[in-house]
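Visitor: Structure file coords24.cif (mmCIF, C-alpha atoms) right here:
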```cif
data_entry
#
loop_
_atom_site.group_PDB
_atom_site.id
_atom_site.type_symbol
_atom_site.label_atom_id
_atom_site.label_comp_id
_atom_site.auth_asym_id
_atom_site.auth_seq_id
_atom_site.Cartn_x
_atom_site.Cartn_y
_atom_site.Cartn_z
ATOM 1 C CA MET C 1483 -3.259 13.400 8.089
ATOM 2 C CA ALA C 1484 -1.621 11.793 5.086
ATOM 3 C CA ASP C 1485 0.734 14.770 4.845
ATOM 4 C CA ASP C 1486 2.134 14.067 8.274
ATOM 5 C CA ALA C 1487 2.903 10.582 7.061
ATOM 6 C CA LEU C 1488 5.251 12.059 4.471
ATOM 7 C CA PHE C 1489 7.447 13.522 7.186
ATOM 8 C CA ASP C 1490 7.324 10.243 9.143
ATOM 9 C CA PHE C 1491 8.299 8.152 6.135
ATOM 10 C CA LEU C 1492 11.071 10.522 5.165
ATOM 11 C CA HIS C 1493 12.419 10.407 8.709
ATOM 12 C CA MET C 1494 12.304 6.602 8.674
ATOM 13 C CA GLU C 1495 14.236 6.482 5.409
ATOM 14 C CA ILE C 1496 16.897 8.865 6.622
ATOM 15 C CA VAL C 1497 17.399 6.781 9.745
ATOM 16 C CA SER C 1498 17.505 3.621 7.703
ATOM 17 C CA HIS C 1499 20.008 5.025 5.193
ATOM 18 C CA ALA C 1500 22.208 6.650 7.790
ATOM 19 C CA THR C 1501 22.481 3.516 9.883
ATOM 20 C CA LYS C 1502 22.707 0.998 7.070
ATOM 21 C CA SER C 1503 26.295 -0.151 6.776
ATOM 22 C CA ASP C 1504 27.705 1.287 3.599
ATOM 23 C CA PRO C 1505 30.654 -0.685 2.189
ATOM 24 C CA SER C 1506 32.145 2.441 0.618
ATOM 25 C CA CYS C 1507 32.148 4.234 3.973
ATOM 26 C CA LEU C 1508 34.437 3.803 6.894
ATOM 27 C CA GLN C 1509 31.962 5.391 9.252
ATOM 28 C CA ASP C 1510 30.775 3.389 12.241
ATOM 29 C CA GLY C 1511 27.554 3.602 14.225
ATOM 30 C CA ASP C 1512 28.594 6.674 16.173
ATOM 31 C CA GLU C 1513 29.295 8.641 13.051
ATOM 32 C CA ALA C 1514 25.940 7.704 11.585
ATOM 33 C CA MET C 1515 24.260 8.916 14.767
ATOM 34 C CA SER C 1516 26.248 12.112 14.693
ATOM 35 C CA LYS C 1517 25.195 12.724 11.103
ATOM 36 C CA LEU C 1518 21.520 12.240 11.961
ATOM 37 C CA GLU C 1519 21.949 14.583 14.901
ATOM 38 C CA GLN C 1520 23.495 17.224 12.636
ATOM 39 C CA ILE C 1521 20.690 16.943 10.092
ATOM 40 C CA GLY C 1522 18.260 17.454 12.961
ATOM 41 C CA TYR C 1523 20.270 20.384 14.307
ATOM 42 C CA SER C 1524 20.249 22.370 11.063
ATOM 43 C CA THR C 1525 16.601 21.569 10.420
ATOM 44 C CA GLY C 1526 15.595 22.650 13.935
ATOM 45 C CA TYR C 1527 17.721 25.789 13.755
ATOM 46 C CA ARG C 1528 16.014 26.979 10.590
ATOM 47 C CA PHE C 1529 12.540 25.786 11.425
ATOM 48 C CA ILE C 1530 12.271 27.623 14.750
ATOM 49 C CA GLU C 1531 13.395 30.850 13.059
ATOM 50 C CA ARG C 1532 10.473 30.559 10.701
ATOM 51 C CA LEU C 1533 8.085 29.543 13.446
ATOM 52 C CA THR C 1534 8.929 32.379 15.822
ATOM 53 C CA LYS C 1535 9.468 35.175 13.311
ATOM 54 C CA ASP C 1536 6.262 36.999 14.261
ATOM 55 C CA LEU C 1537 6.518 36.448 17.993
ATOM 56 C CA SER C 1538 7.940 38.873 20.483
ATOM 57 C CA ARG C 1539 11.151 38.048 22.321
ATOM 58 C CA PHE C 1540 10.982 35.413 25.048
ATOM 59 C CA LYS C 1541 11.597 36.929 28.433
ATOM 60 C CA ASP C 1542 13.529 34.070 29.985
ATOM 61 C CA GLU C 1543 14.763 30.521 29.633
ATOM 62 C CA LEU C 1544 11.582 28.992 31.048
ATOM 63 C CA GLU C 1545 9.481 30.818 28.471
ATOM 64 C CA VAL C 1546 11.675 29.477 25.710
ATOM 65 C CA MET C 1547 11.259 25.946 27.025
ATOM 66 C CA LYS C 1548 7.495 26.372 27.226
ATOM 67 C CA ALA C 1549 7.362 27.554 23.621
ATOM 68 C CA ILE C 1550 9.409 24.516 22.604
ATOM 69 C CA CYS C 1551 7.015 22.181 24.413
ATOM 70 C CA LYS C 1552 3.922 23.851 23.023
ATOM 71 C CA ASP C 1553 4.425 25.587 19.682
ATOM 72 C CA PHE C 1554 7.487 23.821 18.361
ATOM 73 C CA TRP C 1555 6.382 20.331 19.372
ATOM 74 C CA SER C 1556 2.897 20.899 17.937
ATOM 75 C CA ALA C 1557 4.271 22.126 14.636
ATOM 76 C CA VAL C 1558 6.607 19.161 14.280
ATOM 77 C CA PHE C 1559 4.742 16.322 15.969
ATOM 78 C CA LYS C 1560 1.106 17.552 15.976
ATOM 79 C CA LYS C 1561 0.897 17.261 19.746
ATOM 80 C CA GLN C 1562 2.363 19.037 22.728
ATOM 81 C CA VAL C 1563 4.945 17.679 25.117
ATOM 82 C CA ASP C 1564 3.017 15.971 27.908
ATOM 83 C CA ASN C 1565 5.197 16.953 30.794
ATOM 84 C CA LEU C 1566 7.982 19.455 31.413
ATOM 85 C CA ARG C 1567 10.127 19.298 34.507
ATOM 86 C CA THR C 1568 13.140 21.284 35.608
ATOM 87 C CA ASN C 1569 15.573 21.349 38.511
ATOM 88 C CA HIS C 1570 15.818 25.158 38.087
ATOM 89 C CA GLN C 1571 19.530 24.743 37.505
ATOM 90 C CA GLY C 1572 19.538 24.385 33.783
ATOM 91 C CA VAL C 1573 18.236 20.852 33.391
ATOM 92 C CA TYR C 1574 14.856 20.344 31.688
ATOM 93 C CA VAL C 1575 13.130 17.045 31.052
ATOM 94 C CA LEU C 1576 10.517 16.915 28.289
ATOM 95 C CA GLN C 1577 8.320 13.867 28.387
ATOM 96 C CA ASP C 1578 6.218 12.744 25.441
ATOM 97 C CA ASN C 1579 3.926 9.850 26.306
ATOM 98 C CA LYS C 1580 3.273 8.953 22.707
ATOM 99 C CA PHE C 1581 6.261 10.048 20.713
ATOM 100 C CA ARG C 1582 5.396 10.071 17.042
ATOM 101 C CA PHE C 1583 8.548 8.422 15.724
ATOM 102 C CA LEU C 1584 8.103 5.536 18.136
ATOM 103 C CA ALA C 1585 4.349 5.166 17.748
ATOM 104 C CA SER C 1586 4.583 2.879 14.740
ATOM 105 C CA ILE C 1587 7.113 0.513 16.322
ATOM 106 C CA SER C 1588 5.828 -2.488 18.239
ATOM 107 C CA ASN C 1589 6.032 -1.796 21.939
ATOM 108 C CA SER C 1590 7.333 -5.190 22.924
ATOM 109 C CA ARG C 1591 10.599 -5.086 24.854
ATOM 110 C CA GLN C 1592 12.319 -6.852 21.997
ATOM 111 C CA TYR C 1593 12.431 -3.615 20.001
ATOM 112 C CA LEU C 1594 13.513 -1.354 22.828
ATOM 113 C CA GLU C 1595 17.119 -1.469 21.665
ATOM 114 C CA LEU C 1596 16.086 -0.078 18.268
ATOM 115 C CA ALA C 1597 14.538 3.001 19.837
ATOM 116 C CA PRO C 1598 17.635 5.232 20.204
ATOM 117 C CA LYS C 1599 18.193 5.608 16.485
ATOM 118 C CA TYR C 1600 14.674 6.995 16.130
ATOM 119 C CA LEU C 1601 15.374 9.638 18.764
ATOM 120 C CA VAL C 1602 18.698 11.070 17.697
ATOM 121 C CA PHE C 1603 17.312 13.232 14.867
ATOM 122 C CA THR C 1604 14.912 14.788 17.374
ATOM 123 C CA CYS C 1605 17.725 15.393 19.878
ATOM 124 C CA GLY C 1606 19.421 17.387 17.133
ATOM 125 C CA LEU C 1607 16.176 19.139 16.242
ATOM 126 C CA LEU C 1608 15.782 20.293 19.854
ATOM 127 C CA ARG C 1609 19.421 21.339 20.200
ATOM 128 C CA GLY C 1610 19.190 23.315 16.929
ATOM 129 C CA ALA C 1611 15.955 25.048 17.903
ATOM 130 C CA LEU C 1612 17.365 26.043 21.299
ATOM 131 C CA ALA C 1613 20.642 27.235 19.768
ATOM 132 C CA SER C 1614 18.674 29.419 17.385
ATOM 133 C CA LEU C 1615 16.915 30.953 20.398
ATOM 134 C CA GLY C 1616 20.231 31.609 22.103
ATOM 135 C CA LEU C 1617 20.489 28.617 24.423
ATOM 136 C CA THR C 1618 23.453 26.286 24.069
ATOM 137 C CA CYS C 1619 22.728 22.825 25.395
ATOM 138 C CA ILE C 1620 23.308 19.098 25.306
ATOM 139 C CA VAL C 1621 20.266 16.943 24.566
ATOM 140 C CA THR C 1622 19.966 13.264 25.363
ATOM 141 C CA ALA C 1623 17.005 10.928 25.095
ATOM 142 C CA GLU C 1624 15.777 7.942 26.996
ATOM 143 C CA VAL C 1625 13.035 5.364 26.461
ATOM 144 C CA THR C 1626 11.706 3.214 29.224
ATOM 145 C CA THR C 1627 8.384 2.046 27.825
ATOM 146 C CA MET C 1628 7.476 2.544 24.211
ATOM 147 C CA PRO C 1629 6.131 4.749 22.782
ATOM 148 C CA ALA C 1630 6.877 7.134 25.672
ATOM 149 C CA CYS C 1631 10.206 8.893 25.870
ATOM 150 C CA LYS C 1632 12.060 11.622 27.682
ATOM 151 C CA PHE C 1633 14.373 14.247 26.268
ATOM 152 C CA GLN C 1634 16.806 15.704 28.743
ATOM 153 C CA VAL C 1635 18.080 19.194 27.943
ATOM 154 C CA HIS C 1636 21.180 20.258 29.799
ATOM 155 C CA LEU C 1637 21.799 23.987 29.309
ATOM 156 C CA GLN C 1638 25.426 25.045 29.051
ATOM 157 C CA ARG C 1639 25.973 28.327 30.809
ATOM 158 C CA ALA C 1640 28.781 30.620 29.809
ATOM 159 C CA MET L 992 2.513 27.185 6.394
ATOM 160 C CA ALA L 993 5.338 26.834 8.881
ATOM 161 C CA ASP L 994 4.832 23.074 8.886
ATOM 162 C CA ASP L 995 5.564 22.853 5.186
ATOM 163 C CA ALA L 996 8.817 24.615 5.893
ATOM 164 C CA LEU L 997 9.831 21.685 8.080
ATOM 165 C CA PHE L 998 9.701 19.324 5.120
ATOM 166 C CA ASP L 999 11.568 21.855 2.941
ATOM 167 C CA PHE L 1000 14.328 22.334 5.482
ATOM 168 C CA LEU L 1001 14.663 18.619 6.077
ATOM 169 C CA HIS L 1002 14.937 18.034 2.335
ATOM 170 C CA MET L 1003 17.583 20.760 2.061
ATOM 171 C CA GLU L 1004 19.617 19.178 4.839
ATOM 172 C CA ILE L 1005 19.446 15.715 3.309
ATOM 173 C CA VAL L 1006 20.639 17.069 -0.022
ATOM 174 C CA SER L 1007 23.381 18.997 1.665
ATOM 175 C CA HIS L 1008 24.557 16.010 3.727
ATOM 176 C CA ALA L 1009 24.342 13.539 0.886
ATOM 177 C CA THR L 1010 26.343 15.685 -1.486
ATOM 178 C CA LYS L 1011 28.860 17.038 0.996
ATOM 179 C CA SER L 1012 32.151 15.293 0.436
ATOM 180 C CA ASP L 1013 32.706 12.990 3.355
ATOM 181 C CA PRO L 1014 36.372 12.114 3.968
ATOM 182 C CA SER L 1015 35.433 8.728 5.433
ATOM 183 C CA CYS L 1016 33.478 7.791 2.321
ATOM 184 C CA LEU L 1017 34.721 6.716 -1.036
ATOM 185 C CA GLN L 1018 31.455 7.597 -2.703
ATOM 186 C CA ASP L 1019 31.456 10.079 -5.542
ATOM 187 C CA GLY L 1020 28.735 12.393 -6.776
ATOM 188 C CA ASP L 1021 26.819 9.677 -8.615
ATOM 189 C CA GLU L 1022 26.528 7.541 -5.524
ATOM 190 C CA ALA L 1023 25.286 10.474 -3.487
ATOM 191 C CA MET L 1024 22.633 11.108 -6.127
ATOM 192 C CA SER L 1025 21.675 7.464 -6.164
ATOM 193 C CA LYS L 1026 21.280 7.498 -2.398
ATOM 194 C CA LEU L 1027 19.003 10.536 -2.546
ATOM 195 C CA GLU L 1028 16.992 8.853 -5.276
ATOM 196 C CA GLN L 1029 16.588 5.732 -3.150
ATOM 197 C CA ILE L 1030 15.467 7.718 -0.116
ATOM 198 C CA GLY L 1031 12.887 9.351 -2.378
ATOM 199 C CA TYR L 1032 11.830 6.005 -3.825
ATOM 200 C CA SER L 1033 11.062 4.367 -0.490
ATOM 201 C CA THR L 1034 9.345 7.485 0.807
ATOM 202 C CA GLY L 1035 7.173 7.756 -2.315
ATOM 203 C CA TYR L 1036 6.356 4.053 -2.288
ATOM 204 C CA ARG L 1037 5.035 4.183 1.248
ATOM 205 C CA PHE L 1038 3.414 7.563 1.040
ATOM 206 C CA ILE L 1039 1.230 6.796 -1.980
ATOM 207 C CA GLU L 1040 0.007 3.620 -0.278
ATOM 208 C CA ARG L 1041 -1.256 5.719 2.608
ATOM 209 C CA LEU L 1042 -2.673 8.373 0.315
ATOM 210 C CA THR L 1043 -4.634 6.004 -1.921
ATOM 211 C CA LYS L 1044 -5.765 3.490 0.671
ATOM 212 C CA ASP L 1045 -9.405 4.606 0.566
ATOM 213 C CA LEU L 1046 -9.611 5.130 -3.177
ATOM 214 C CA SER L 1047 -10.914 2.648 -5.697
ATOM 215 C CA ARG L 1048 -8.553 1.059 -8.192
ATOM 216 C CA PHE L 1049 -7.335 3.222 -11.077
ATOM 217 C CA LYS L 1050 -8.709 2.011 -14.369
ATOM 218 C CA ASP L 1051 -5.683 2.748 -16.540
ATOM 219 C CA GLU L 1052 -2.246 4.276 -16.749
ATOM 220 C CA LEU L 1053 -3.547 7.744 -17.599
ATOM 221 C CA GLU L 1054 -5.737 7.762 -14.520
ATOM 222 C CA VAL L 1055 -2.749 6.872 -12.386
ATOM 223 C CA MET L 1056 -0.757 9.726 -13.900
ATOM 224 C CA LYS L 1057 -3.599 12.160 -13.288
ATOM 225 C CA ALA L 1058 -3.805 11.131 -9.643
ATOM 226 C CA ILE L 1059 -0.058 11.658 -9.334
ATOM 227 C CA CYS L 1060 -0.348 15.156 -10.826
ATOM 228 C CA LYS L 1061 -3.299 16.103 -8.689
ATOM 229 C CA ASP L 1062 -3.536 14.254 -5.384
ATOM 230 C CA PHE L 1063 0.045 13.162 -4.877
ATOM 231 C CA TRP L 1064 1.601 16.457 -5.942
ATOM 232 C CA SER L 1065 -0.839 18.439 -3.796
ATOM 233 C CA ALA L 1066 -0.128 16.313 -0.747
ATOM 234 C CA VAL L 1067 3.632 16.655 -1.132
ATOM 235 C CA PHE L 1068 4.083 20.106 -2.651
ATOM 236 C CA LYS L 1069 0.782 21.871 -1.802
ATOM 237 C CA LYS L 1070 0.076 22.556 -5.455
ATOM 238 C CA GLN L 1071 -0.821 20.526 -8.517
ATOM 239 C CA VAL L 1072 1.375 19.808 -11.497
ATOM 240 C CA ASP L 1073 0.753 22.625 -13.979
ATOM 241 C CA ASN L 1074 0.895 20.621 -17.154
ATOM 242 C CA LEU L 1075 0.835 16.940 -18.091
ATOM 243 C CA ARG L 1076 1.735 15.774 -21.567
ATOM 244 C CA THR L 1077 2.105 12.333 -23.069
ATOM 245 C CA ASN L 1078 3.068 10.799 -26.394
ATOM 246 C CA HIS L 1079 0.587 7.955 -25.699
ATOM 247 C CA GLN L 1080 3.475 5.521 -25.915
ATOM 248 C CA GLY L 1081 4.503 5.436 -22.308
ATOM 249 C CA VAL L 1082 6.244 8.788 -21.984
ATOM 250 C CA TYR L 1083 4.725 11.409 -19.687
ATOM 251 C CA VAL L 1084 6.066 14.882 -19.002
ATOM 252 C CA LEU L 1085 4.990 16.607 -15.791
ATOM 253 C CA GLN L 1086 5.686 20.304 -15.714
ATOM 254 C CA ASP L 1087 5.702 22.330 -12.524
ATOM 255 C CA ASN L 1088 6.079 26.050 -13.150
ATOM 256 C CA LYS L 1089 7.024 26.817 -9.582
ATOM 257 C CA PHE L 1090 8.632 23.759 -8.142
ATOM 258 C CA ARG L 1091 8.803 24.036 -4.389
ATOM 259 C CA PHE L 1092 12.349 22.795 -3.885
ATOM 260 C CA LEU L 1093 13.628 25.328 -6.409
ATOM 261 C CA ALA L 1094 11.475 28.242 -5.299
ATOM 262 C CA SER L 1095 13.894 29.374 -2.622
ATOM 263 C CA ILE L 1096 16.948 29.325 -4.895
ATOM 264 C CA SER L 1097 17.875 32.482 -6.765
ATOM 265 C CA ASN L 1098 16.758 32.187 -10.363
ATOM 266 C CA SER L 1099 19.862 33.686 -11.898
ATOM 267 C CA ARG L 1100 21.566 31.435 -14.421
ATOM 268 C CA GLN L 1101 24.541 31.168 -12.129
ATOM 269 C CA TYR L 1102 22.701 28.669 -9.931
ATOM 270 C CA LEU L 1103 21.210 26.579 -12.703
ATOM 271 C CA GLU L 1104 23.913 23.967 -12.296
ATOM 272 C CA LEU L 1105 22.937 23.464 -8.667
ATOM 273 C CA ALA L 1106 19.360 22.584 -9.592
ATOM 274 C CA PRO L 1107 19.753 18.857 -10.389
ATOM 275 C CA LYS L 1108 20.615 17.886 -6.849
ATOM 276 C CA TYR L 1109 17.350 19.423 -5.667
ATOM 277 C CA LEU L 1110 15.364 17.330 -8.132
ATOM 278 C CA VAL L 1111 16.774 13.857 -7.639
ATOM 279 C CA PHE L 1112 14.894 13.115 -4.406
ATOM 280 C CA THR L 1113 11.658 13.984 -6.222
ATOM 281 C CA CYS L 1114 12.578 11.758 -9.189
ATOM 282 C CA GLY L 1115 12.841 8.916 -6.688
ATOM 283 C CA LEU L 1116 9.615 9.966 -4.994
ATOM 284 C CA LEU L 1117 7.780 9.755 -8.332
ATOM 285 C CA ARG L 1118 9.380 6.461 -9.316
ATOM 286 C CA GLY L 1119 8.476 4.973 -5.924
ATOM 287 C CA ALA L 1120 4.885 6.185 -6.038
ATOM 288 C CA LEU L 1121 4.407 4.783 -9.546
ATOM 289 C CA ALA L 1122 6.046 1.473 -8.616
ATOM 290 C CA SER L 1123 3.660 1.179 -5.692
ATOM 291 C CA LEU L 1124 0.765 1.648 -8.144
ATOM 292 C CA GLY L 1125 2.146 -1.048 -10.429
ATOM 293 C CA LEU L 1126 4.010 1.046 -12.998
ATOM 294 C CA THR L 1127 7.732 0.483 -13.468
ATOM 295 C CA CYS L 1128 9.462 3.508 -14.918
ATOM 296 C CA ILE L 1129 12.530 5.654 -15.271
ATOM 297 C CA VAL L 1130 12.218 9.264 -14.137
ATOM 298 C CA THR L 1131 14.496 12.092 -15.182
ATOM 299 C CA ALA L 1132 14.247 15.801 -14.525
ATOM 300 C CA GLU L 1133 15.191 18.908 -16.392
ATOM 301 C CA VAL L 1134 15.330 22.611 -15.553
ATOM 302 C CA THR L 1135 15.451 25.299 -18.165
ATOM 303 C CA THR L 1136 14.344 28.364 -16.227
ATOM 304 C CA MET L 1137 14.100 28.356 -12.469
ATOM 305 C CA PRO L 1138 11.919 27.665 -10.603
ATOM 306 C CA ALA L 1139 10.114 25.749 -13.368
ATOM 307 C CA CYS L 1140 11.017 22.159 -14.076
ATOM 308 C CA LYS L 1141 9.933 19.092 -15.975
ATOM 309 C CA PHE L 1142 9.877 15.497 -14.846
ATOM 310 C CA GLN L 1143 9.935 12.955 -17.622
ATOM 311 C CA VAL L 1144 8.443 9.570 -16.786
ATOM 312 C CA HIS L 1145 9.367 6.754 -19.138
ATOM 313 C CA LEU L 1146 7.208 3.709 -18.442
ATOM 314 C CA GLN L 1147 8.898 0.338 -18.836
ATOM 315 C CA ARG L 1148 6.546 -2.148 -20.389
ATOM 316 C CA ALA L 1149 6.968 -5.853 -19.772
#
```
Using structure tokens, write down the structure that the file contains.
Guide:
Amino acid sequence: MADDALFDFLHMEIVSHATKSDPSCLQDGDEAMSKLEQIGYSTGYRFIERLTKDLSRFKDELEVMKAICKDFWSAVFKKQVDNLRTNHQGVYVLQDNKFRFLASISNSRQYLELAPKYLVFTCGLLRGALASLGLTCIVTAEVTTMPACKFQVHLQRA
Amino acid sequence: MADDALFDFLHMEIVSHATKSDPSCLQDGDEAMSKLEQIGYSTGYRFIERLTKDLSRFKDELEVMKAICKDFWSAVFKKQVDNLRTNHQGVYVLQDNKFRFLASISNSRQYLELAPKYLVFTCGLLRGALASLGLTCIVTAEVTTMPACKFQVHLQRA
């Protein structure tokens, strides 16, 4: 319980440091977001390797996505993705009705504009995990009502 | 088991990003270290609050240090500090014979110079946790043989 808090607090600090304007840096908001996304990417890439090392190969793309929603999400966020949808053409939408990194932010509309910076690390995490499993993709996130959010995975086919 | 790896990988990525030379930044090595220390500080400050919220007040400085070695270290690193020494004048040395953030680095002498950057986040973590419990201090770290290391806590008395 308390141990999960460590990961939450560390995530909060990274977001805060990455997005705080640093006078010695020329980087703007986009670069800060890109950096957070990259940190997520490398973390996700390595973490899924460890997580799946004793599993047999996934037989198709849908199985990979299911493992992400179940095993990966549980290991990172201590809950599963609540809903997975697909158009069967390479787009998957993962919905989490109580996303952990948003759960401690007030859900008044006033704070809605702050939400994206708490999602970008996880977009990277997802993209890294999928890349490690052989799927190249673009991941975007969207919040309509806090603390629910949707991650849209757009697979890039060769 | 796998979940701990998440924290390890995230820590590795933060160290790697903070110390990677960024062409858009003027910051040098010292500033990168200071940033890592600050991220550790805020994380430690918040985490110990959560961890100790149901405990009764510590009766003295030594009790605080013991809780850090036992409860705090276990929650963060899944093991206790192996040895705690003090000169009874405000200096405490915490020795960890298998420090988690060094355990995955080769222990040949060649990599000894890389060790400090993997300790600075934890120096901040300790300083933050102690500050939250009312003790102002300076924390330094030292490695002689990997993966063992010592954290020296120098309490600042008013």
Visitor: Evaluate the PyMOL selection byres ((chain C and resi 1582) around 10) and record the selected residues as an mmCIF file with C-alpha atoms, in the coordinates of the input, following the chain and residue labels used in the document.
Guide:
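Below you can see part_10.cif, which holds the result:
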```cif
data_model
loop_
_atom_site.group_PDB
_atom_site.id
_atom_site.type_symbol
_atom_site.label_atom_id
_atom_site.label_comp_id
_atom_site.auth_asym_id
_atom_site.auth_seq_id
_atom_site.Cartn_x
_atom_site.Cartn_y
_atom_site.Cartn_z
ATOM 1 C CA ASP C 1490 7.324 10.243 9.143
ATOM 2 C CA VAL C 1558 6.607 19.161 14.280
ATOM 3 C CA PHE C 1559 4.742 16.322 15.969
ATOM 4 C CA LYS C 1560 1.106 17.552 15.976
ATOM 5 C CA LYS C 1561 0.897 17.261 19.746
ATOM 6 C CA ASP C 1578 6.218 12.744 25.441
ATOM 7 C CA ASN C 1579 3.926 9.850 26.306
ATOM 8 C CA LYS C 1580 3.273 8.953 22.707
ATOM 9 C CA PHE C 1581 6.261 10.048 20.713
ATOM 10 C CA PHE C 1583 8.548 8.422 15.724
ATOM 11 C CA LEU C 1584 8.103 5.536 18.136
ATOM 12 C CA ALA C 1585 4.349 5.166 17.748
ATOM 13 C CA SER C 1586 4.583 2.879 14.740
ATOM 14 C CA ILE C 1587 7.113 0.513 16.322
ATOM 15 C CA TYR C 1600 14.674 6.995 16.130
ATOM 16 C CA PRO C 1629 6.131 4.749 22.782
ATOM 17 C CA ALA C 1630 6.877 7.134 25.672
#
```
Visitor: Taking the point (22.8, 2.3, 16.4) as given in the file, collect each protein or nucleic acid residue that comes within 9 Å of it, counting all atoms listed in the file, and present the set as an MDAnalysis selection string.
Guide: chainID C and resid 1501 1511:1512 1514:1515 1595:1599
Visitor: With distances taken over all atoms listed in the file, which of L:Ile1030, L:Met1056, L:Ile1039, L:Ala1009 is nearest to Ala1487 of chain C?
Guide: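 So, comparing all the options, the nearest one is L:Ile1039.
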Visitor: I need the output of the PyMOL selection byres ((chain L and resi 1031) around 10) for this file as a list in words; which residues are they?
Guide: Phe1491, Leu1492, Glu1495 and Ile1496 of chain C; Ser1025, Lys1026, Leu1027, Glu1028, Gln1029, Ile1030, Tyr1032, Ser1033, Thr1034, Gly1035, Tyr1036, Val1111, Phe1112, Thr1113, Cys1114, Gly1115, Leu1116, Leu1117, Arg1118, Gly1119 and Ala1120 of chain L
Visitor: Let me make sure I understand: among L:Ala1122, L:Val1130, L:Met1003, L:Leu1103, which one has the smallest atom-to-atom distance to chain C if we use all atoms listed in the file?
Guide: L:Met1003
Visitor: Check what the PyMOL selection byres ((chain C and resi 1617) around 10) selects in the file above and give those residues as a PyMOL selection string.
Guide: chain C and resi 1543+1546-1547+1609-1616+1618-1620+1636-1639
Visitor: State, in Å with one decimal place, the distance from atom CA of Thr1568 of chain C to atom CA of Thr1627 of chain C.
Guide: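 Answer for the atom CA of Thr1568 of chain C to atom CA of Thr1627 of chain C separation: 21.3 Å.
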Visitor: Please determine, counting only C-alpha atoms, which residue among L:Leu1042, L:Leu1110, L:Ala1132, L:Val1144 has the shortest atom-to-atom distance to Arg1076 of chain L.
Guide: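 Closest residue, counting only C-alpha atoms: L:Val1144.
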Visitor: Given the choices L:Leu997, L:Val1134, L:Cys1140, L:Val1072, which gets closest to Glu1531 of chain C if the distance is worked out from all atoms listed in the file?
Guide: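 Once distances to Glu1531 of chain C are computed over all atoms listed in the file, the minimum belongs to L:Leu997.
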Visitor: Just how far from atom CA of Lys1632 of chain C is atom CA of Leu1576 of chain C, in Å to one decimal?
Guide: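 A separation of 5.5 Å between them.
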